[in-house]
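Undergrad: Supplied in structure tokens, the structure appears directly below.
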Amino acid sequence: GAVVSQHPSWVICKSGTSVKIECRSLDFQATTMFWYRQFPKQSLMLMATSNEGSKATYEQGVEKDKFLINHASLTLSTLTVTSAHPEDSSFYICSASSMSSYEQYFGPGTRLTVT
Amino acid sequence: QKEVEQDPGPLSVPEGAIVSLNCTYSNSAFQYFMWYRQYSRKGPELLMYTYSSGNKEDGRFTAQVDKSSKYISLFIRDSQPSDSATYLCACSTLTFGKGTMLLVSP
């Protein structure tokens with residue numbers, strides 16, 4: 001099956017710094033990648049959708065200047081949390097899909113802790 | 001009304017029981033329905049995928065969609081402790097339920 005990886009799996013950073021999370025599709029070309037945030041015991045909340053080579057589309061309430069998304073190639077998307085605050089601490093999950101399928105394949109997630 | 005409603009549980013059953021997990025949705029335009037399994041601190045993995053109404057079976061898992069009542073179900077037969085996880089329903093790829101935590105005791 002399709003494999004999506006995320007790096008890092010866990011990161012701790014200080015308040016005010018920036019953190020970059022990578023999402024890679026390992027064995028298929030991901031024309032679309034999605035970024036989700038999940039708080040404990042809550043559902044996945046879609047943050048943004050990105051298509052390769054285009055600007056990301058952000059969901060209502062998500063600050064695009066704070067959560068920078070880049071989808072520069074068909075196998076890599078990055079999420080940068082800028083000027084991180086403790087309330088940004090969460091589980092960030094990416095998923096990817098290809099043109100040939102509606103299925104989304106999820107990465108293992110990145111746990112961000114901002115101190 | 002939220003677009004996808006799902007009882008958060010937890011749902012506790014003994015090993016070998018038949019489990020029924022359910023979601024309701026409000027948007028009649030949804031055509032694709034999926035069930036994901038998520039273990040603690042891991043990303044979700046796709047279990048079942050159905051299009052429109054009907055049943056789909058895969059081993060011990062059966063997904064059922066009733067578009068007339070906007071109701072989707074996942075049945076797990078002969079449940080195992082390894083089935084203990086949170087099960088998320090999803091409609092048309094981008095709308096997820098909150099997830100139901102399932103605990104199967106040996």
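Quick note on naming: the chains in the structure tokens go A, B, ... in the order shown, residues restart at 1 in each chain, and ligands are numbered from 1 in order of appearance.
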Chain B residues within 7 Å of chain A, counting only C-alpha atoms: which ones, as a list in words?
TA: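 Residues passing the distance filter: Lys42, Gly43, Pro44, Glu45, Phe96, Gly97, Lys98 and Gly99 of chain B.
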Undergrad: Which residues are near segment 3-19 of chain B? Cut-off 12 Å, only C-alpha atoms, ignore same chain within fewer than 4 positions. Put them as a PyMOL selection string.
TA: (chain A and resi 41-44) or (chain B and resi 23-30+33+35+60-63+70-106)
Undergrad: Taking only C-alpha atoms into account, which of B:Gln31, B:Asn22, B:Gln38, B:Ser53 comes nearest Lys67 of chain B?
TA: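 Residue with the minimum atom-to-atom distance to Lys67 of chain B: B:Ser53.
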Undergrad: Determine which residues of chain B DSSP labels as strand (DSSP E or B) from the backbone of this structure, then write them out as number ranges by chain.
TA: B: 4-6, 11-14, 19-25, 32-38, 45-51, 54-58, 61-66, 71-76, 85-91, 95-96, 100-105
Undergrad: Near Tyr58 of chain A, within 12 Å and counting only C-alpha atoms, which residues show up once chain neighbours fewer than 5 positions away are dropped, as number ranges by chain?
TA: A: 34-36, 45-51, 63-69
Undergrad: Rank nothing, just name the residue among A:Cys13, A:Met33, A:Val81, A:Ala2 nearest to Val62 of chain A, using only C-alpha atoms.
TA: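 Checking each of A:Cys13, A:Met33, A:Val81, A:Ala2 against Val62 of chain A, counting only C-alpha atoms, the winner is A:Val81.
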Undergrad: Could you check which of A:Leu74, A:Val19, A:Leu26, A:Val3 is closest to Asp88 of chain A, using only C-alpha atoms?
TA: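 Once distances to Asp88 of chain A are computed over only C-alpha atoms, the minimum belongs to A:Val19.
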Undergrad: Figure out the distance between atom CA of Val65 of chain B and atom CA of Tyr36 of chain B, please, to one decimal in Å.
TA: 15.0 Å
Undergrad: Give me, please, the distance in Å between atom CA of Leu47 of chain B and atom CA of Pro8 of chain A, quoted to one decimal.
TA: 25.3 Å
Undergrad: Quick one, how far is atom CA of Thr75 of chain A from atom CA of Ser25 of chain A?
TA: 4.9 Å
Undergrad: Looking at B:Met48, B:Ser20, B:Arg41, B:Tyr32, which one is nearest to Ser90 of chain A, with distances taken over only C-alpha atoms?
TA: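 Nearest candidate to Ser90 of chain A out of B:Met48, B:Ser20, B:Arg41, B:Tyr32: B:Arg41.
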Undergrad: Excluding Ser100 of chain A and its own-chain neighbours fewer than 6 positions away, which residues fall within 10 Å of it when counting only C-alpha atoms? Please give them as a ChimeraX atom specification.
TA: /A:29-31
